[in-house]
file run_1.txt (compact mmCIF, C-alpha atoms)
# COMPACT_ATOMS: atom_id res chain seq x y z
CA MET A 48 135.31 48.26 33.47
CA PRO A 49 135.07 52.01 34.22
CA GLU A 50 138.09 54.09 33.11
CA PRO A 51 140.51 55.11 35.93
CA GLU A 52 139.33 58.72 35.77
CA GLU A 53 135.73 57.62 36.00
CA GLN A 54 136.56 55.25 38.85
CA GLU A 55 137.80 58.22 40.85
CA THR A 56 134.66 60.19 40.05
CA LEU A 57 132.55 57.19 41.04
CA LEU A 58 134.39 56.87 44.33
CA LEU A 59 133.82 60.53 45.14
CA ALA A 60 130.18 60.33 44.10
CA SER A 61 129.64 57.26 46.27
CA GLN A 62 131.02 59.23 49.23
CA GLY A 63 128.37 61.92 48.71
CA ASP A 64 130.22 64.36 46.45
CA LEU A 65 127.40 66.02 44.49
CA GLU A 66 129.78 67.65 42.07
CA ALA A 67 131.23 64.26 41.13
CA PHE A 68 127.74 62.89 40.66
CA GLY A 69 127.00 65.92 38.45
CA VAL A 70 129.94 64.93 36.23
CA LEU A 71 128.52 61.41 35.85
CA TYR A 72 125.09 62.88 35.12
CA GLY A 73 126.54 65.11 32.38
CA LYS A 74 128.31 62.17 30.83
CA TYR A 75 125.35 59.79 30.75
CA VAL A 76 122.17 61.87 30.60
CA GLU A 77 121.86 61.80 26.80
CA ARG A 78 122.41 58.07 26.61
CA ILE A 79 119.81 57.32 29.25
CA PHE A 80 117.37 59.79 27.69
CA ASN A 81 117.75 58.10 24.30
CA TYR A 82 117.23 54.67 25.83
CA VAL A 83 114.10 55.75 27.69
CA TYR A 84 112.77 57.71 24.72
CA TYR A 85 112.95 54.76 22.36
CA ARG A 86 111.46 52.47 25.02
CA THR A 87 108.49 54.74 25.79
CA GLY A 88 107.93 56.59 22.53
CA ASN A 89 107.24 60.01 23.95
CA VAL A 90 109.40 62.89 25.10
CA HIS A 91 107.44 63.87 28.22
CA ASP A 92 107.68 60.45 29.81
CA ALA A 93 111.27 60.09 28.62
CA GLU A 94 112.19 63.29 30.47
CA ASP A 95 110.30 62.28 33.59
CA LEU A 96 111.80 58.80 33.69
CA THR A 97 115.33 60.01 32.85
CA ALA A 98 115.19 62.43 35.77
CA ARG A 99 113.97 59.63 38.03
CA VAL A 100 116.79 57.34 36.88
CA PHE A 101 119.37 59.89 38.02
CA TYR A 102 117.61 60.73 41.29
CA ARG A 103 117.44 57.04 42.09
CA ALA A 104 121.08 56.58 41.09
CA MET A 105 122.04 59.51 43.33
CA HIS A 106 120.28 57.97 46.31
CA HIS A 107 121.75 54.53 45.75
CA ILE A 108 125.23 55.24 44.41
CA HIS A 109 126.75 54.24 47.76
CA THR A 110 125.62 50.68 46.95
CA TYR A 111 127.35 50.68 43.57
CA THR A 112 130.27 48.25 43.43
CA ASP A 113 132.63 47.96 40.50
CA ARG A 114 132.24 44.41 39.23
CA GLY A 115 134.14 45.07 36.04
CA VAL A 116 131.10 46.19 34.08
CA PRO A 117 130.65 49.74 32.79
CA PHE A 118 128.87 52.20 35.07
CA SER A 119 126.39 52.76 32.24
CA ALA A 120 125.21 49.15 32.70
CA TRP A 121 124.14 50.03 36.26
CA LEU A 122 122.27 53.11 35.00
CA TYR A 123 120.63 51.13 32.20
CA ARG A 124 119.43 48.60 34.77
CA ILE A 125 117.76 51.34 36.79
CA ALA A 126 116.27 52.76 33.58
CA HIS A 127 115.06 49.31 32.53
CA ASN A 128 113.28 48.81 35.88
CA LEU A 129 111.62 52.21 35.74
CA VAL A 130 110.51 51.68 32.14
CA ALA A 131 109.12 48.25 33.07
CA ASN A 132 107.11 49.85 35.91
CA TRP A 133 105.95 52.57 33.52
CA HIS A 134 104.68 49.96 31.06
CA ARG A 135 102.94 48.09 33.87
CA ASP A 136 101.26 51.25 35.16
CA ARG A 137 100.22 52.19 31.67
CA SER A 138 98.98 48.86 30.46
CA ARG A 139 95.76 50.59 29.46
CA HIS A 140 97.46 53.69 28.13
CA GLN A 141 97.12 54.49 24.46
CA GLU A 142 100.29 54.99 22.53
CA ILE A 143 100.89 58.52 21.30
CA PRO A 144 101.64 58.50 17.60
CA LEU A 145 105.10 59.89 17.03
CA SER A 146 103.71 62.42 14.57
CA ASP A 147 101.86 63.98 17.54
CA ALA A 148 104.90 63.99 19.75
CA PRO A 149 106.80 67.20 20.42
CA THR A 150 109.59 68.16 18.07
CA ILE A 151 112.72 66.12 18.51
CA HIS A 152 116.04 67.41 17.30
CA TYR A 153 118.44 64.93 15.84
CA LYS A 154 122.08 65.68 16.50
CA GLY A 155 123.56 67.84 13.77
CA GLU A 156 120.38 68.19 11.71
CA PRO A 157 118.01 71.11 11.26
CA PRO A 158 114.69 70.50 13.05
CA GLU A 159 112.62 70.53 9.88
CA THR A 160 114.47 67.55 8.44
CA ALA A 161 114.72 65.87 11.81
CA LEU A 162 111.06 65.02 12.26
CA MET A 163 110.05 61.40 12.01
CA GLN A 164 106.92 61.76 9.99
CA THR A 165 106.61 58.92 7.59
CA GLN A 166 104.18 56.15 8.30
CA GLU A 167 106.86 53.60 7.53
CA LYS A 168 109.13 54.93 10.25
CA ASP A 169 106.26 55.01 12.74
CA ALA A 170 105.38 51.43 11.91
CA LEU A 171 108.97 50.34 12.35
CA LEU A 172 109.27 52.15 15.68
CA ARG A 173 106.03 50.57 16.89
CA GLN A 174 107.33 47.19 15.84
CA ILE A 175 110.60 47.79 17.70
CA ARG A 176 108.67 48.67 20.86
CA HIS A 177 106.85 45.36 20.65
CA LEU A 178 110.13 43.46 20.81
CA PRO A 179 111.28 41.95 24.14
CA SER A 180 113.09 44.59 26.19
CA GLU A 181 116.48 42.95 25.78
CA ARG A 182 116.21 43.12 22.00
CA GLN A 183 115.09 46.75 22.13
CA HIS A 184 118.09 47.52 24.34
CA LEU A 185 120.40 45.82 21.87
CA LEU A 186 119.05 47.83 18.91
CA ILE A 187 119.32 51.09 20.84
CA LEU A 188 122.94 50.40 21.79
CA LYS A 189 123.75 49.35 18.25
CA PHE A 190 122.07 52.11 16.26
CA VAL A 191 121.79 55.03 18.67
CA GLU A 192 125.02 54.53 20.62
CA HIS A 193 126.91 52.94 17.69
CA MET A 194 128.47 50.44 20.07
CA SER A 195 130.40 47.40 18.87
CA ASN A 196 129.16 43.91 19.70
CA ALA A 197 131.90 43.61 22.34
CA GLU A 198 130.83 46.86 24.06
CA ILE A 199 127.19 45.83 23.91
CA GLY A 200 128.16 42.51 25.46
CA GLU A 201 129.92 44.28 28.34
CA THR A 202 126.92 46.50 28.96
CA MET A 203 124.35 43.72 28.71
CA GLY A 204 126.40 41.09 30.51
CA ARG A 205 126.60 38.76 27.49
CA SER A 206 129.37 37.41 25.32
CA GLU A 207 130.19 39.02 21.99
CA GLY A 208 128.98 35.90 20.17
CA ALA A 209 125.69 35.90 22.05
CA VAL A 210 125.15 39.55 21.11
CA LYS A 211 125.88 38.83 17.46
CA SER A 212 123.45 35.95 17.43
CA LEU A 213 120.73 37.91 19.27
CA TYR A 214 121.19 40.80 16.83
CA HIS A 215 120.79 38.51 13.86
CA ARG A 216 117.65 36.89 15.28
CA THR A 217 116.22 40.29 16.18
CA LEU A 218 116.65 41.67 12.68
CA LEU A 219 115.19 38.57 11.08
CA SER A 220 112.13 38.61 13.32
CA LEU A 221 111.64 42.33 12.71
CA ARG A 222 111.92 41.80 8.98
CA ASP A 223 109.41 38.93 9.08
CA GLU A 224 106.95 40.94 11.14
CA LEU A 225 107.22 43.94 8.84
CA GLU A 226 106.74 41.73 5.80
CA GLY A 227 103.67 40.31 7.52
CA LEU A 228 102.35 43.84 7.98
CA ASP A 229 102.97 44.68 4.32
CA ILE A 230 100.98 41.62 3.26
CA GLU A 231 98.10 42.53 5.58
CA GLU A 232 98.04 46.08 4.20
CA MET B 5 122.02 24.01 -7.55
CA ASN B 6 124.91 25.95 -6.08
CA ARG B 7 123.87 29.03 -8.01
CA LYS B 8 120.34 28.76 -6.61
CA VAL B 9 121.62 28.49 -3.03
CA LYS B 10 123.88 31.48 -3.64
CA GLN B 11 120.95 33.47 -5.04
CA ILE B 12 118.86 32.69 -1.96
CA ALA B 13 121.75 33.62 0.35
CA ASP B 14 122.33 36.88 -1.56
CA ALA B 15 118.63 37.75 -1.40
CA SER B 16 118.59 37.05 2.32
CA ARG B 17 121.71 39.18 2.88
CA ASP B 18 120.16 42.01 0.84
CA LYS B 19 117.02 41.90 2.97
CA PHE B 20 119.13 41.89 6.11
CA ASN B 21 121.16 44.89 4.90
CA SER B 22 118.01 46.73 3.91
CA MET B 23 116.61 46.10 7.41
CA GLU B 24 119.81 47.55 8.90
CA ARG B 25 119.49 50.63 6.69
CA ARG B 26 115.87 51.12 7.75
CA LEU B 27 116.82 50.81 11.40
CA SER B 28 119.70 53.25 11.13
CA GLY B 29 117.27 55.71 9.54
CA VAL B 30 114.85 55.43 12.46
CA LEU B 31 117.01 54.85 15.52
CA ARG B 32 119.15 57.95 15.74
CA PRO B 33 120.58 59.90 18.66
CA ILE B 34 118.19 62.49 20.03
CA LYS B 35 119.24 65.54 21.97
CA PRO B 36 117.13 66.13 25.08
CA ARG B 37 115.93 69.69 25.67
CA LYS B 38 118.58 71.92 27.27
CA GLU B 39 116.06 73.21 29.84
CA PHE B 40 115.41 69.66 30.94
CA VAL B 41 119.12 68.75 31.18
CA TYR B 42 119.98 71.90 33.14
CA GLY B 43 116.91 71.59 35.34
CA VAL B 44 117.86 68.11 36.52
CA ALA B 45 121.54 69.12 36.89
CA LYS B 46 120.48 72.05 39.07
CA HIS B 47 118.29 69.78 41.16
CA ILE B 48 121.18 67.36 41.65
CA GLN B 49 123.61 70.11 42.65
CA SER B 50 121.17 71.59 45.14
CA ALA B 51 120.14 68.26 46.67
CA PRO B 52 120.74 68.29 50.42
CA GLN B 53 123.68 66.15 51.48
CA THR B 54 121.30 64.16 53.69
CA THR B 55 119.77 62.62 50.59
CA PHE B 56 122.96 60.63 50.29
CA VAL B 57 122.70 57.67 52.60
CA GLU B 58 125.95 57.23 54.45
CA ARG B 59 127.75 54.00 53.85
CA VAL B 60 127.21 51.83 56.92
CA THR B 61 130.43 50.02 57.61
CA SER B 62 130.76 46.87 59.71
CA TRP B 63 132.47 49.03 62.38
CA HIS B 64 129.32 51.14 62.62
CA VAL B 65 127.15 48.05 62.97
CA ILE B 66 129.31 46.64 65.80
CA ALA B 67 129.25 50.02 67.61
CA MET B 68 125.46 50.18 67.30
CA ILE B 69 125.02 46.64 68.65
CA LEU B 70 127.32 47.38 71.63
CA ALA B 71 125.48 50.62 72.36
CA GLY B 72 122.20 48.72 72.23
CA LEU B 73 123.46 46.05 74.65
CA VAL B 74 124.79 48.65 77.12
CA SER B 75 121.45 50.52 77.01
CA LEU B 76 119.56 47.27 77.61
CA ALA B 77 121.82 46.38 80.57
CA VAL B 78 121.29 49.82 82.13
CA PHE B 79 117.54 49.56 81.59
CA LEU B 80 117.39 46.09 83.19
CA ALA B 81 119.51 47.25 86.14
CA VAL B 82 117.16 50.20 86.74
CA VAL B 83 114.09 47.96 86.54
CA TRP B 84 115.72 45.41 88.89
CA ARG B 85 116.60 48.10 91.43
CA ALA B 86 113.09 49.53 91.21
CA LEU B 87 111.53 46.11 91.82
CA GLU B 88 113.96 45.44 94.67
CA SER B 89 113.10 48.70 96.32
CA ILE B 90 109.35 48.09 95.95
CA MET B 91 109.64 44.56 97.34
CA GLY B 92 111.87 45.80 100.20
CA LYS B 93 109.33 48.43 101.18
CA LYS B 94 106.52 45.84 101.14
CA ARG B 95 108.53 43.53 103.43
CA THR B 96 109.20 46.30 105.94
CA VAL B 97 105.48 47.17 105.99

call {"tool": "encode", "arguments": {"input": "run_1.txt", "output": "structure tokens"}}
result
Amino acid sequence: MPEPEEQETLLLASQGDLEAFGVLYGKYVERIFNYVYYRTGNVHDAEDLTARVFYRAMHHIHTYTDRGVPFSAWLYRIAHNLVANWHRDRSRHQEIPLSDAPTIHYKGEPPETALMQTQEKDALLRQIRHLPSERQHLLILKFVEHMSNAEIGETMGRSEGAVKSLYHRTLLSLRDELEGLDIEE
Amino acid sequence: MNRKVKQIADASRDKFNSMERRLSGVLRPIKPRKEFVYGVAKHIQSAPQTTFVERVTSWHVIAMILAGLVSLAVFLAVVWRALESIMGKKRTV
């Protein structure tokens, strides 16, 4: 459920208050960007889609109703739909290797140490992007957002136990697939 | 037997933990470019108020339906009077 302060901001934003919507944007832009970045694998599309998520949210915020789930869940749903459309439109598109992608700065680290350059990391990221979208979402919330299973459950509309079980299965399948890759190599 | 099961379980847990370590090394928070963040914020702040669709309440819907019915009644009355007047003229001729 949104915090009381956020509920007030949401109410104002839903009545057309651009400043209130700006506050929500400032609070969630990094989270949505991270989600979209890890789902698409390149910064340019992540920026484009993140902007579209917030424009769409701005145009539809009057339809937002508090059903006891975090506001971020609503934004993630918009982001998920846009990413799904992006994948559909780009079914023939060739993936850009992350080593060719523009420089990405990790929080609190100098850029030179922040680059993801190793082949192992690239392979793991590629493998993550081949997972079903729900599992990718779970990993992003867990490792990028450092959310607890309960918080992830709230955001994804699942119970804490279901999240725990999905997480376990996801890691096992990733491990098996990576082991399969090692054998092939 | 028990020792063997324990060894398998330990090995599996180690692999699981190693997978978690690998993931935490790869999936890390990324800061979007400041220019991008400010650019979108600026666009949001300068968006015309008309881009916000006004919430249509049930009161608005009822008012619109009533207005529509009144307009239709007026239109029908005008058409009826026009027809009446045309028919009246024909009869007198």

call {"tool": "closest_atom_pairs", "arguments": {"input": "run_1.txt", "of": "chain A", "to": "chain B", "cutoff": "7 Å", "atoms": "all atoms listed in the file", "output": "Markdown table"}}
result
| residue | atom | partner | partner_atom | distance |
| --- | --- | --- | --- | --- |
| A:Gly63 | CA | B:Phe56 | CA | 5.8 |
| A:Leu65 | CA | B:Gln49 | CA | 5.9 |
| A:Glu66 | CA | B:Gln49 | CA | 6.7 |
| A:Gly69 | CA | B:Ala45 | CA | 6.5 |
| A:Glu77 | CA | B:Pro36 | CA | 6.6 |
| A:Phe80 | CA | B:Pro36 | CA | 6.9 |
| A:Asn81 | CA | B:Ile34 | CA | 6.1 |
| A:Ala98 | CA | B:Val44 | CA | 6.3 |
| A:His106 | CA | B:Phe56 | CA | 5.5 |
| A:His109 | CA | B:Arg59 | CA | 6.2 |
| A:Ile151 | CA | B:Ile34 | CA | 6.7 |
| A:His152 | CA | B:Lys35 | CA | 6.0 |
| A:Tyr153 | CA | B:Ile34 | CA | 4.9 |
| A:Lys154 | CA | B:Ile34 | CA | 6.1 |
| A:Lys168 | CA | B:Val30 | CA | 6.2 |
| A:Ile187 | CA | B:Leu31 | CA | 6.9 |
| A:Phe190 | CA | B:Ser28 | CA | 5.8 |
| A:Val191 | CA | B:Arg32 | CA | 4.9 |
| A:Leu218 | CA | B:Met23 | CA | 6.9 |
| A:Arg222 | CA | B:Met23 | CA | 6.6 |

call {"tool": "atom_distance", "arguments": {"input": "run_1.txt", "atom1": "atom CA of A:Arg182", "atom2": "atom CA of A:Ile199"}}
result
11.5 Å

call {"tool": "residues_around", "arguments": {"input": "run_1.txt", "residues": "A:Met203", "least_positions_apart": "2", "cutoff": "10 Å", "atoms": "all atoms listed in the file", "output": "ChimeraX atom specification"}}
result
/A:116-117,119-121,123-124,181,184-185,188,197-201,205-206,210

call {"tool": "axis_aligned_box", "arguments": {"input": "run_1.txt", "around": "stretch 72-82 of chain B", "padding_each_side": "8 Å", "output": "AutoDock Vina command-line options"}}
result
--center_x 121.0 --center_y 48.3 --center_z 79.5 --size_x 23.6 --size_y 20.5 --size_z 30.5

call {"tool": "atom_distance", "arguments": {"input": "run_1.txt", "atom1": "atom CA of A:Asn132", "atom2": "atom CA of A:Asp95"}}
result
13.0 Å
